[in-house]
>>> print(open('input_0.cif').read())   # mmCIF, C-alpha atoms and all ligand atoms
data_run
#
loop_
_atom_site.label_atom_id
_atom_site.label_comp_id
_atom_site.auth_asym_id
_atom_site.auth_seq_id
_atom_site.Cartn_x
_atom_site.Cartn_y
_atom_site.Cartn_z
CA MET A 9 -111.92 -70.38 179.58
CA SER A 10 -114.61 -73.03 179.56
CA GLU A 11 -114.60 -75.74 182.21
CA LYS A 12 -113.00 -79.05 181.26
CA LEU A 13 -115.48 -81.75 180.35
CA GLN A 14 -115.37 -84.91 182.45
CA ARG A 15 -116.30 -88.52 181.93
CA VAL A 16 -119.73 -89.41 183.30
CA ARG A 17 -119.31 -91.13 186.68
CA GLY A 18 -119.12 -94.91 186.35
CA THR A 19 -118.10 -94.87 182.69
CA ARG A 20 -114.64 -95.78 181.41
CA ASP A 21 -112.29 -94.77 178.64
CA LEU A 22 -110.73 -98.02 177.53
CA LEU A 23 -107.25 -97.28 176.18
CA PRO A 24 -105.43 -99.57 173.72
CA GLU A 25 -103.90 -101.83 176.39
CA GLU A 26 -107.29 -102.42 178.06
CA CYS A 27 -109.01 -102.83 174.70
CA LEU A 28 -106.52 -105.58 173.83
CA LYS A 29 -107.70 -107.51 176.89
CA PHE A 30 -111.37 -106.94 176.07
CA ARG A 31 -110.86 -108.17 172.51
CA TYR A 32 -108.94 -111.17 173.77
CA VAL A 33 -111.84 -112.14 176.03
CA GLU A 34 -114.45 -111.50 173.33
CA ALA A 35 -112.51 -113.32 170.61
CA ASN A 36 -111.97 -116.40 172.78
CA ALA A 37 -115.60 -116.41 173.93
CA TYR A 38 -116.82 -116.02 170.37
CA SER A 39 -114.66 -118.82 168.97
CA LEU A 40 -115.49 -121.22 171.82
CA ALA A 41 -119.21 -120.46 171.57
CA THR A 42 -118.97 -121.23 167.86
CA LEU A 43 -117.44 -124.63 168.68
CA TYR A 44 -120.44 -125.24 170.93
CA GLY A 45 -122.87 -124.41 168.13
CA TYR A 46 -123.86 -120.90 169.19
CA GLY A 47 -124.51 -118.28 166.52
CA GLU A 48 -123.98 -114.59 167.18
CA ILE A 49 -126.93 -112.27 167.80
CA GLU A 50 -126.85 -108.51 168.13
CA THR A 51 -129.97 -106.92 169.57
CA PRO A 52 -130.48 -103.15 170.06
CA ILE A 53 -128.82 -101.37 172.96
CA PHE A 54 -132.20 -99.85 173.86
CA GLU A 55 -135.67 -101.38 173.97
CA PHE A 56 -139.13 -100.32 175.07
CA SER A 57 -138.95 -100.14 178.88
CA GLU A 58 -141.72 -102.73 179.01
CA VAL A 59 -139.27 -105.39 177.72
CA PHE A 60 -137.26 -105.13 180.94
CA HIS A 61 -140.14 -104.46 183.32
CA ARG A 62 -141.95 -107.55 182.18
CA THR A 63 -138.96 -109.89 182.24
CA LEU A 64 -136.71 -108.76 185.05
CA GLY A 65 -139.53 -108.21 187.53
CA GLU A 66 -140.75 -105.06 189.22
CA THR A 67 -139.05 -105.96 192.49
CA SER A 68 -135.59 -106.54 191.06
CA ASP A 69 -132.89 -104.02 191.93
CA VAL A 70 -132.07 -103.77 188.27
CA VAL A 71 -135.53 -102.49 187.31
CA ASN A 72 -136.20 -100.54 190.49
CA LYS A 73 -133.01 -98.61 190.89
CA GLU A 74 -130.56 -99.33 188.13
CA THR A 75 -132.13 -98.64 184.76
CA TYR A 76 -131.40 -95.69 182.51
CA THR A 77 -134.92 -94.88 181.34
CA PHE A 78 -136.03 -91.87 179.35
CA THR A 79 -138.90 -90.70 177.21
CA ASP A 80 -137.83 -90.26 173.60
CA ARG A 81 -139.00 -87.47 171.29
CA GLY A 82 -141.91 -89.61 170.19
CA GLY A 83 -143.12 -90.01 173.77
CA GLU A 84 -142.07 -93.68 174.09
CA SER A 85 -140.51 -94.93 177.33
CA ILE A 86 -137.13 -96.33 176.38
CA THR A 87 -134.58 -98.16 178.55
CA LEU A 88 -130.89 -98.71 177.88
CA ARG A 89 -130.43 -102.45 178.28
CA PRO A 90 -129.14 -103.47 181.73
CA GLU A 91 -128.54 -107.06 180.56
CA GLY A 92 -128.76 -109.19 177.44
CA THR A 93 -131.28 -111.96 178.04
CA ALA A 94 -134.45 -109.84 177.89
CA GLY A 95 -133.53 -108.45 174.46
CA VAL A 96 -132.75 -111.91 173.08
CA ALA A 97 -136.08 -113.20 174.42
CA ARG A 98 -137.87 -110.22 172.91
CA ALA A 99 -136.20 -110.90 169.54
CA PHE A 100 -137.11 -114.58 169.75
CA VAL A 101 -140.77 -113.68 170.23
CA SER A 102 -141.05 -110.65 167.93
CA GLU A 103 -139.16 -112.33 165.08
CA GLY A 104 -141.18 -115.53 165.48
CA MET A 105 -138.26 -117.91 165.93
CA ALA A 106 -140.18 -120.59 167.81
CA GLN A 107 -140.36 -122.86 164.75
CA ASN A 108 -136.64 -123.58 164.67
CA LEU A 109 -135.80 -124.89 168.11
CA PRO A 110 -133.34 -125.45 169.62
CA LEU A 111 -131.61 -122.12 169.08
CA LYS A 112 -128.32 -121.06 170.59
CA PHE A 113 -127.15 -117.44 170.67
CA PHE A 114 -123.94 -115.72 171.68
CA TYR A 115 -123.77 -111.96 172.26
CA SER A 116 -121.31 -109.34 173.34
CA GLY A 117 -121.84 -105.66 174.04
CA PRO A 118 -122.31 -102.79 176.47
CA MET A 119 -124.88 -102.81 179.28
CA PHE A 120 -126.06 -99.89 181.43
CA ARG A 121 -126.94 -99.85 185.10
CA TYR A 122 -127.18 -96.90 187.45
CA GLU A 123 -125.11 -98.43 190.25
CA ARG A 124 -122.68 -97.01 192.79
CA PRO A 125 -119.43 -97.01 190.83
CA GLN A 126 -116.42 -98.82 192.30
CA LYS A 127 -113.75 -101.21 191.07
CA GLY A 128 -115.44 -103.86 188.93
CA ARG A 129 -118.79 -102.05 189.06
CA TYR A 130 -119.54 -99.49 186.39
CA ARG A 131 -122.55 -97.71 184.93
CA GLN A 132 -121.59 -98.76 181.43
CA PHE A 133 -119.89 -102.14 181.31
CA LYS A 134 -119.50 -104.92 178.81
CA GLN A 135 -120.87 -108.42 178.89
CA ILE A 136 -120.51 -111.53 176.85
CA GLY A 137 -123.28 -114.06 177.18
CA VAL A 138 -125.00 -117.11 175.74
CA GLU A 139 -128.63 -118.21 175.57
CA CYS A 140 -129.71 -121.74 174.70
CA LEU A 141 -133.42 -121.95 173.90
CA GLY A 142 -135.62 -124.98 173.50
CA ILE A 143 -133.86 -127.75 175.43
CA GLU A 144 -135.53 -129.13 178.54
CA SER A 145 -132.84 -131.64 179.47
CA PRO A 146 -130.63 -130.90 182.49
CA LEU A 147 -127.70 -131.85 180.28
CA ALA A 148 -128.24 -128.57 178.40
CA ASP A 149 -127.45 -126.84 181.70
CA VAL A 150 -124.27 -128.90 182.02
CA ASP A 151 -123.21 -128.15 178.43
CA CYS A 152 -123.83 -124.45 178.98
CA ILE A 153 -121.78 -124.43 182.20
CA ALA A 154 -119.04 -126.43 180.43
CA LEU A 155 -118.75 -123.64 177.84
CA ALA A 156 -118.26 -121.12 180.65
CA TRP A 157 -115.63 -123.33 182.29
CA ASP A 158 -113.80 -123.83 178.97
CA LEU A 159 -113.72 -120.07 178.48
CA LEU A 160 -112.22 -119.42 181.92
CA ASN A 161 -109.59 -122.06 181.15
CA LYS A 162 -108.87 -120.69 177.70
CA ILE A 163 -108.22 -117.20 179.06
CA LYS A 164 -106.18 -118.72 181.89
CA ILE A 165 -108.22 -117.56 184.86
CA ALA A 166 -109.96 -120.82 185.80
CA ASN A 167 -107.54 -121.41 188.67
CA GLU A 168 -108.71 -118.14 190.23
CA CYS A 169 -112.42 -118.99 189.98
CA HIS A 170 -114.76 -121.58 191.37
CA LEU A 171 -118.26 -122.64 190.43
CA GLU A 172 -121.12 -122.24 192.88
CA ILE A 173 -124.34 -123.90 191.91
CA ASN A 174 -127.84 -124.21 193.32
CA THR A 175 -131.39 -125.00 192.32
CA LEU A 176 -134.45 -122.80 192.69
CA GLY A 177 -136.68 -125.78 191.92
CA ASP A 178 -139.78 -125.64 189.75
CA ILE A 179 -142.75 -123.38 190.38
CA ALA A 180 -144.59 -125.86 192.60
CA SER A 181 -141.56 -126.22 194.91
CA ARG A 182 -141.05 -122.49 195.03
CA ILE A 183 -144.64 -121.79 196.09
CA LEU A 184 -144.15 -123.99 199.17
CA TYR A 185 -140.77 -122.45 199.90
CA ARG A 186 -142.09 -118.94 199.44
CA LYS A 187 -144.65 -119.54 202.16
CA ALA A 188 -141.97 -120.82 204.57
CA LEU A 189 -139.78 -117.80 203.81
CA VAL A 190 -142.59 -115.32 204.39
CA ASP A 191 -143.32 -117.00 207.74
CA TYR A 192 -139.67 -116.83 208.77
CA PHE A 193 -138.90 -113.26 207.68
CA SER A 194 -142.23 -111.98 209.04
CA GLN A 195 -141.08 -113.06 212.49
CA HIS A 196 -137.98 -110.86 212.03
CA GLN A 197 -139.56 -107.90 210.24
CA GLY A 198 -137.91 -105.42 212.57
CA GLN A 199 -134.45 -106.45 211.39
CA LEU A 200 -135.25 -106.29 207.68
CA SER A 201 -134.09 -103.45 205.45
CA ALA A 202 -136.77 -101.25 203.88
CA ASP A 203 -136.18 -102.91 200.50
CA SER A 204 -136.59 -106.37 201.94
CA LYS A 205 -139.79 -105.40 203.74
CA MET A 206 -141.17 -104.56 200.33
CA ARG A 207 -139.80 -107.79 198.88
CA LEU A 208 -141.48 -109.74 201.68
CA GLU A 209 -144.82 -109.06 200.03
CA LYS A 210 -143.84 -109.05 196.39
CA ASN A 211 -140.94 -111.47 196.05
CA PRO A 212 -139.58 -112.92 199.32
CA LEU A 213 -137.01 -115.09 197.50
CA ARG A 214 -135.28 -111.92 196.41
CA ILE A 215 -134.47 -111.12 200.05
CA LEU A 216 -131.83 -113.87 199.85
CA ASP A 217 -130.04 -111.86 197.14
CA SER A 218 -129.88 -108.77 199.38
CA LYS A 219 -126.50 -107.20 200.09
CA ASP A 220 -127.75 -105.51 203.28
CA GLU A 221 -125.82 -106.66 206.37
CA GLY A 222 -128.93 -106.74 208.59
CA ASP A 223 -130.77 -108.89 206.06
CA ARG A 224 -127.80 -111.18 205.64
CA ALA A 225 -127.56 -111.79 209.37
CA LEU A 226 -130.94 -113.49 209.14
CA PHE A 227 -129.96 -115.88 206.37
CA ALA A 228 -128.19 -118.52 208.50
CA LYS A 229 -131.41 -119.64 210.18
CA ALA A 230 -133.72 -119.09 207.19
CA PRO A 231 -135.41 -122.19 205.75
CA SER A 232 -133.56 -123.83 202.87
CA LEU A 233 -135.22 -124.34 199.52
CA HIS A 234 -133.65 -127.79 199.38
CA ASP A 235 -136.11 -128.94 202.04
CA PHE A 236 -139.02 -128.00 199.79
CA LEU A 237 -137.93 -129.49 196.48
CA ASN A 238 -140.35 -131.96 194.94
CA GLU A 239 -139.20 -135.21 193.32
CA GLU A 240 -138.93 -133.71 189.84
CA SER A 241 -136.90 -130.71 190.94
CA SER A 242 -134.51 -132.83 193.00
CA SER A 243 -133.83 -135.26 190.22
CA PHE A 244 -133.29 -132.39 187.76
CA PHE A 245 -130.69 -130.89 190.08
CA LYS A 246 -129.03 -134.28 190.69
CA ALA A 247 -128.68 -134.75 186.92
CA VAL A 248 -127.04 -131.35 186.55
CA VAL A 249 -124.62 -131.97 189.40
CA SER A 250 -123.61 -135.43 188.21
CA GLY A 251 -123.08 -134.05 184.69
CA ILE A 252 -120.79 -131.37 186.10
CA GLU A 253 -118.94 -134.07 188.02
CA SER A 254 -118.53 -136.26 184.96
CA LEU A 255 -116.80 -133.38 183.18
CA GLY A 256 -114.50 -132.87 186.14
CA ILE A 257 -115.55 -129.26 186.72
CA PRO A 258 -114.86 -128.34 190.36
CA TYR A 259 -118.02 -127.00 192.02
CA LYS A 260 -119.60 -126.18 195.34
CA ILE A 261 -123.31 -126.41 196.07
CA ASN A 262 -124.37 -123.15 197.67
CA PRO A 263 -127.94 -123.57 198.98
CA ARG A 264 -128.18 -119.79 199.57
CA LEU A 265 -127.41 -118.84 196.00
CA VAL A 266 -130.34 -117.10 194.33
CA ARG A 267 -130.14 -114.81 191.34
CA GLY A 268 -131.33 -111.23 191.30
CA LEU A 269 -133.74 -111.58 188.40
CA ASP A 270 -137.28 -112.93 188.43
CA TYR A 271 -137.17 -115.33 185.52
CA TYR A 272 -134.93 -118.07 186.87
CA CYS A 273 -135.97 -121.63 187.83
CA HIS A 274 -134.08 -124.85 188.53
CA THR A 275 -130.35 -124.34 187.94
CA VAL A 276 -128.61 -121.15 189.02
CA PHE A 277 -124.84 -120.77 189.09
CA GLU A 278 -122.00 -118.31 189.45
CA PHE A 279 -118.28 -118.43 188.85
CA VAL A 280 -116.74 -116.50 191.70
CA THR A 281 -113.21 -115.28 192.37
CA ALA A 282 -111.55 -114.19 195.59
CA SER A 283 -109.17 -111.92 193.65
CA LEU A 284 -111.49 -108.98 192.93
CA GLY A 285 -112.68 -108.03 196.39
CA ALA A 286 -116.39 -107.37 196.78
CA GLN A 287 -117.09 -107.66 193.04
CA GLY A 288 -116.23 -111.37 192.99
CA THR A 289 -118.83 -112.74 190.59
CA VAL A 290 -117.35 -112.87 187.12
CA LEU A 291 -119.93 -115.01 185.34
CA ALA A 292 -123.47 -115.89 186.30
CA GLY A 293 -126.46 -117.61 184.84
CA GLY A 294 -129.28 -120.05 185.14
CA ARG A 295 -132.34 -121.69 183.67
CA TYR A 296 -135.34 -119.55 182.72
CA ASP A 297 -138.11 -121.84 181.49
CA GLY A 298 -140.86 -119.25 182.07
CA LEU A 299 -139.23 -116.26 180.39
CA ILE A 300 -140.37 -116.63 176.78
CA GLU A 301 -143.96 -117.13 177.92
CA MET A 302 -143.73 -113.96 180.06
CA MET A 303 -142.73 -112.14 176.88
CA GLY A 304 -145.85 -113.36 175.12
CA GLY A 305 -144.25 -116.27 173.24
CA PRO A 306 -144.93 -120.00 173.42
CA LYS A 307 -143.66 -121.89 176.47
CA THR A 308 -139.98 -122.46 175.69
CA PRO A 309 -137.27 -123.66 178.06
CA GLY A 310 -134.03 -121.71 178.21
CA ILE A 311 -130.66 -121.61 179.91
CA GLY A 312 -127.84 -119.10 179.67
CA TRP A 313 -125.16 -117.03 181.36
CA ALA A 314 -123.50 -113.65 181.14
CA ALA A 315 -120.02 -112.56 182.18
CA GLY A 316 -118.69 -109.09 182.88
CA ILE A 317 -115.73 -108.46 180.59
CA ASP A 318 -114.48 -105.62 182.81
CA ARG A 319 -114.09 -108.13 185.66
CA LEU A 320 -112.65 -110.94 183.50
CA ALA A 321 -110.10 -108.52 182.02
CA ASP A 322 -108.85 -107.67 185.53
CA LEU A 323 -107.93 -111.32 186.11
CA ILE A 324 -106.09 -112.08 182.87
CA PRO A 325 -102.39 -112.85 183.42
CA VAL A 326 -100.02 -110.10 182.30
CA ASP A 327 -99.14 -110.20 178.60
CA SER A 328 -101.01 -113.46 177.92
CA TYR A 329 -103.42 -111.50 175.72
CA LYS A 330 -100.73 -109.95 173.54
CA LYS A 331 -99.93 -111.49 170.19
CA ALA A 332 -96.22 -111.88 169.59
CA THR A 333 -96.08 -110.47 166.06
CA PRO A 334 -92.67 -109.16 164.95
CA LEU A 335 -92.46 -105.41 164.55
CA ILE A 336 -90.48 -103.70 161.82
CA ALA A 337 -89.38 -100.09 162.16
CA VAL A 338 -88.90 -98.34 158.81
CA ILE A 339 -86.68 -95.29 159.02
CA PRO A 340 -85.98 -92.92 156.12
CA ALA A 341 -82.35 -91.80 156.41
CA ASP A 342 -83.00 -88.50 154.63
CA ALA A 343 -85.68 -86.68 152.64
CA SER A 344 -84.80 -88.59 149.46
CA GLY A 345 -85.62 -91.89 151.17
CA GLU A 346 -89.04 -90.87 152.46
CA ILE A 347 -91.20 -91.87 149.51
CA GLN A 348 -89.39 -95.24 149.22
CA ALA A 349 -89.84 -95.76 152.98
CA LEU A 350 -93.54 -95.11 152.59
CA LYS A 351 -93.74 -97.59 149.68
CA THR A 352 -91.73 -100.29 151.49
CA SER A 353 -93.92 -99.91 154.61
CA HIS A 354 -97.01 -100.23 152.47
CA GLN A 355 -95.66 -103.39 150.78
CA LEU A 356 -94.72 -104.98 154.09
CA ARG A 357 -98.13 -104.25 155.60
CA SER A 358 -99.86 -105.62 152.51
CA SER A 359 -97.98 -108.87 153.16
CA GLY A 360 -99.27 -108.91 156.74
CA HIS A 361 -96.33 -107.42 158.62
CA LYS A 362 -96.62 -104.94 161.44
CA VAL A 363 -94.72 -101.78 160.54
CA GLU A 364 -94.00 -98.58 162.41
CA LEU A 365 -92.91 -95.82 160.04
CA LEU A 366 -90.70 -93.44 161.99
CA LEU A 367 -90.79 -90.09 160.25
CA SER A 368 -89.68 -87.52 162.77
CA GLY A 369 -86.75 -86.75 165.06
CA LYS A 370 -82.99 -87.20 164.70
CA MET A 371 -81.69 -90.59 163.50
CA GLY A 372 -80.44 -91.55 166.97
CA LYS A 373 -83.82 -90.69 168.49
CA ARG A 374 -85.62 -92.76 165.86
CA PHE A 375 -83.52 -95.82 166.70
CA GLN A 376 -84.25 -95.24 170.39
CA LYS A 377 -87.93 -95.06 169.55
CA ALA A 378 -87.69 -98.34 167.58
CA ASP A 379 -86.07 -99.98 170.62
CA LYS A 380 -88.72 -98.59 172.94
CA LEU A 381 -91.47 -99.99 170.73
CA GLY A 382 -89.77 -103.38 170.94
CA ALA A 383 -89.09 -103.52 167.19
CA ASP A 384 -87.38 -106.66 165.92
CA TYR A 385 -85.98 -105.14 162.72
CA ALA A 386 -85.06 -101.67 161.56
CA ILE A 387 -85.01 -100.87 157.87
CA VAL A 388 -83.11 -97.75 156.88
CA ILE A 389 -83.76 -96.15 153.50
CA GLY A 390 -81.74 -93.20 152.16
CA GLU A 391 -80.40 -91.97 148.84
CA ASN A 392 -78.03 -94.98 148.46
CA GLU A 393 -80.83 -97.44 148.98
CA VAL A 394 -83.10 -95.67 146.51
CA THR A 395 -80.33 -95.80 143.88
CA SER A 396 -79.31 -99.44 144.52
CA GLY A 397 -82.90 -100.72 144.95
CA LYS A 398 -81.79 -102.46 148.18
CA VAL A 399 -82.57 -101.53 151.77
CA ALA A 400 -80.41 -101.81 154.87
CA VAL A 401 -82.02 -104.31 157.28
CA LYS A 402 -80.81 -104.44 160.85
CA ASN A 403 -81.87 -107.20 163.23
CA LEU A 404 -82.27 -105.20 166.43
CA LYS A 405 -82.06 -108.28 168.64
CA THR A 406 -78.78 -109.63 167.23
CA GLY A 407 -77.26 -106.49 165.70
CA GLU A 408 -76.75 -108.36 162.40
CA GLN A 409 -77.11 -106.13 159.34
CA GLU A 410 -77.57 -106.85 155.62
CA SER A 411 -78.60 -105.21 152.39
CA LEU A 412 -81.66 -106.74 150.73
CA SER A 413 -83.96 -106.15 147.78
CA THR A 414 -87.68 -105.89 148.60
CA GLU A 415 -88.25 -109.47 147.39
CA GLU A 416 -85.36 -110.80 149.49
CA LEU A 417 -86.67 -108.87 152.48
CA LEU A 418 -90.19 -110.30 152.14
CA SER A 419 -88.93 -113.87 151.81
CA LYS A 420 -86.62 -113.39 154.81
CA LEU A 421 -89.51 -112.17 156.94
CA SER A 422 -92.00 -114.87 155.99
P1 LIG B 1 -123.62 -108.23 191.25
O1 LIG B 1 -124.09 -109.18 192.29
O2 LIG B 1 -122.11 -108.08 191.21
O3 LIG B 1 -124.34 -106.92 191.24
P2 LIG B 1 -125.42 -109.15 189.25
O4 LIG B 1 -126.08 -110.31 189.88
O5 LIG B 1 -126.13 -107.84 189.24
O6 LIG B 1 -123.97 -108.95 189.85
P3 LIG B 1 -125.71 -110.20 186.59
O7 LIG B 1 -126.91 -109.42 186.30
O8 LIG B 1 -125.83 -111.64 186.85
O9 LIG B 1 -124.92 -109.50 187.79
O10 LIG B 1 -124.62 -109.96 185.45
C1 LIG B 1 -123.66 -110.95 185.09
C2 LIG B 1 -122.26 -110.44 185.27
O11 LIG B 1 -122.11 -109.14 184.73
C3 LIG B 1 -121.82 -110.27 186.70
O12 LIG B 1 -121.41 -111.48 187.23
C4 LIG B 1 -120.67 -109.30 186.56
O13 LIG B 1 -119.48 -109.97 186.15
C5 LIG B 1 -121.14 -108.42 185.46
N1 LIG B 1 -121.70 -107.16 185.99
C6 LIG B 1 -122.94 -106.97 186.51
N2 LIG B 1 -123.10 -105.68 186.87
C7 LIG B 1 -121.93 -105.04 186.56
C8 LIG B 1 -121.45 -103.70 186.70
N3 LIG B 1 -122.23 -102.72 187.17
N4 LIG B 1 -120.20 -103.42 186.28
C9 LIG B 1 -119.38 -104.38 185.78
N5 LIG B 1 -119.78 -105.67 185.63
C10 LIG B 1 -121.02 -106.00 186.02
MG MG B 2 -126.04 -106.10 190.40
#
>>> encode(input="input_0.cif", output="structure tokens")
Amino acid sequence: MSEKLQRVRGTRDLLPEECLKFRYVEANAYSLATLYGYGEIETPIFEFSEVFHRTLGETSDVVNKETYTFTDRGGESITLRPEGTAGVARAFVSEGMAQNLPLKFFYSGPMFRYERPQKGRYRQFKQIGVECLGIESPLADVDCIALAWDLLNKIKIANECHLEINTLGDIASRILYRKALVDYFSQHQGQLSADSKMRLEKNPLRILDSKDEGDRALFAKAPSLHDFLNEESSSFFKAVVSGIESLGIPYKINPRLVRGLDYYCHTVFEFVTASLGAQGTVLAGGRYDGLIEMMGGPKTPGIGWAAGIDRLADLIPVDSYKKATPLIAVIPADASGEIQALKTSHQLRSSGHKVELLLSGKMGKRFQKADKLGADYAIVIGENEVTSGKVAVKNLKTGEQESLSTEELLSKLS
């Protein structure tokens, strides 16, 4: 006997019930994004590794420890995408889209990260996300956050989430802040994790995104970026915050919020929930004005967010994602009714009805099965029905029964 094959650690088999939730999230996100003027984009699931190395930054956890990278048969280094923004930026540059700004994209699809699997953290997971390219105004940030907030409301989880927002300032502000951070963390080098010691040289801001307890203990007394913001950066952030306020979106300024990836500037934000334990961030994003240039394109401002569907799905209220479409059970009473049962089922489905054709088991068992499936009607078809051209229709909720022709049946159901 051969050994049973297992799922790869950190991957999931999504069964119909879970898939219903995923589709519900995706469908709502897609239709809302459309209302906001976003068009769908689908980029490849793998790219040249360079696409991610250049954009996400060599010191990011994602590039350092989490990518699935392999050499393909042609000798190219390929990486399974760990997130969506880099691929969209690559497409923007390689397809020469800079002439048509602004551009707004929505995407949905699987992402891959070699992380320690636990609830809400998988090695293959799904994200939905949006990217808005070409608008400098802070109101683009507000509009983008408003879309996220509308989505959380639409899928009825907004009351479980809150918005945390911060600014990373512009490059000039960050250079000053970087120096202050290096000074501070250098004084406490002994307490820093090995990763953060490395970040201290390459990207000290990233230390603030560390999940290491020792690192985090140092955060309380670390200098705050807000003390280093220049006039322009402060007024940009004020405009974002007052826009959020004018839309009535509840928020909290979190001066310690930084994002794990290198390309962010100005606005960064997260929608966080207390209901999912350690994996509390359901949606996260920010402004990335330098990204397109890093990819070799013309300087183009951008803002976007991504949300983990696996985490959103865990918050959706029971049954809210199920469509209440009536179910009809069609039951042949004997062998002579089978072909007619097949035809009637086909006709009903062609008219948009949901039909379960129950072909096996004793009659009693088939009725039990219809009940178990939650069927609203049962249609029984035997020799009598074939001869008379009428079928016996039983309303399973009221017990009422009648004999109807196919036309009468269809008009009754519609
Ligand atoms: P975290 O701090 O939880 O590691 P992150 O900062 O790495 O999150 P992003 O890169 O901002 O996450 O991705 C956006 C969203 O995608 C997250 O808020 C989360 O909902 C989801 N996400 C990220 N990594 C995973 C994962 N391994 N499994 C499931 N969902 C994930
Ligand atoms: Mg992560």
>>> closest_atom_pairs(input="input_0.cif", of="region 236-318 of chain A", to="region 104-124 of chain A", cutoff="9 Å", atoms="all atoms listed in the file", output="CSV")
residue,atom,partner,partner_atom,distance
A:Gly305,CA,A:Ala106,CA,8.0
A:Pro306,CA,A:Ala106,CA,7.4
A:Thr308,CA,A:Ala106,CA,8.1
>>> residues_near_ligand(input="input_0.cif", ligand="ligand LIG 1 (chain B)", cutoff="7 Å", atoms="all atoms listed in the file", output="PyMOL selection string")
chain A and resi 91+121+123+128-135+267-268+287-293+314-319
>>> closest_residue(input="input_0.cif", among="A:Gln126, A:Ser145, A:Ser68, A:Asn161", to="Ala37 (chain A)", atoms="all atoms listed in the file")
A:Asn161
>>> closest_residue(input="input_0.cif", among="A:Gly47, A:Gly65, A:Pro90, A:Gly294", to="ligand MG 2 (chain B)", atoms="all atoms listed in the file")
A:Pro90
>>> atom_distance(input="input_0.cif", atom1="CA of Ile53 (chain A)", atom2="CA of Thr19 (chain A)")
15.9 Å
>>> residues_around(input="input_0.cif", residues="region 394-396 of chain A", least_positions_apart="4", cutoff="7 Å", atoms="all atoms listed in the file", output="list in words")
Gly345, Gln348 and Gly390 of chain A
>>> closest_residue(input="input_0.cif", among="A:Ala228, A:Leu176, A:Ile300, A:Leu43", to="Asp158 (chain A)", atoms="only C-alpha atoms")
A:Leu43
>>> axis_aligned_box(input="input_0.cif", around="region 347-363 of chain A", padding_each_side="6 Å", output="AutoDock Vina command-line options")
--center_x -94.6 --center_y -100.4 --center_z 155.3 --size_x 22.5 --size_y 29.0 --size_z 24.2
>>> residues_around(input="input_0.cif", residues="region 57-62 of chain A", least_positions_apart="5", cutoff="12 Å", atoms="all atoms listed in the file", output="PyMOL selection string")
chain A and resi 52+67-80+84-99+101-102+269-271+298-304
>>> atom_distance(input="input_0.cif", atom1="CA of Cys140 (chain A)", atom2="CA of Ile257 (chain A)")
20.0 Å
>>> atom_distance(input="input_0.cif", atom1="CA of Ala383 (chain A)", atom2="CA of Glu25 (chain A)")
17.5 Å
>>> closest_residue(input="input_0.cif", among="A:Ser204, A:Gln199, A:Ser218, A:Thr175", to="ligand MG 2 (chain B)", atoms="only C-alpha atoms and all ligand atoms")
A:Ser218
>>> closest_residue(input="input_0.cif", among="A:Phe100, A:Tyr329, A:Tyr192, A:Tyr296", to="Ile163 (chain A)", atoms="only C-alpha atoms")
A:Tyr329
>>> residues_around(input="input_0.cif", residues="Asn174 (chain A)", least_positions_apart="5", cutoff="9 Å", atoms="only C-alpha atoms", output="ChimeraX atom specification")
/A:245,260-266,274-277
>>> residues_around(input="input_0.cif", residues="Asp149 (chain A)", least_positions_apart="2", cutoff="12 Å", atoms="all atoms listed in the file", output="count of residues only")
43
>>> closest_residue(input="input_0.cif", among="A:Ala343, A:Ile165, A:Ala286, A:Leu171", to="ligand MG 2 (chain B)", atoms="only C-alpha atoms and all ligand atoms")
A:Ala286
>>> residues_near_point(input="input_0.cif", point="(-87.0, -93.3, 163.5)", cutoff="9 Å", atoms="all atoms listed in the file", output="ChimeraX atom specification")
/A:337-341,364-378,386,388
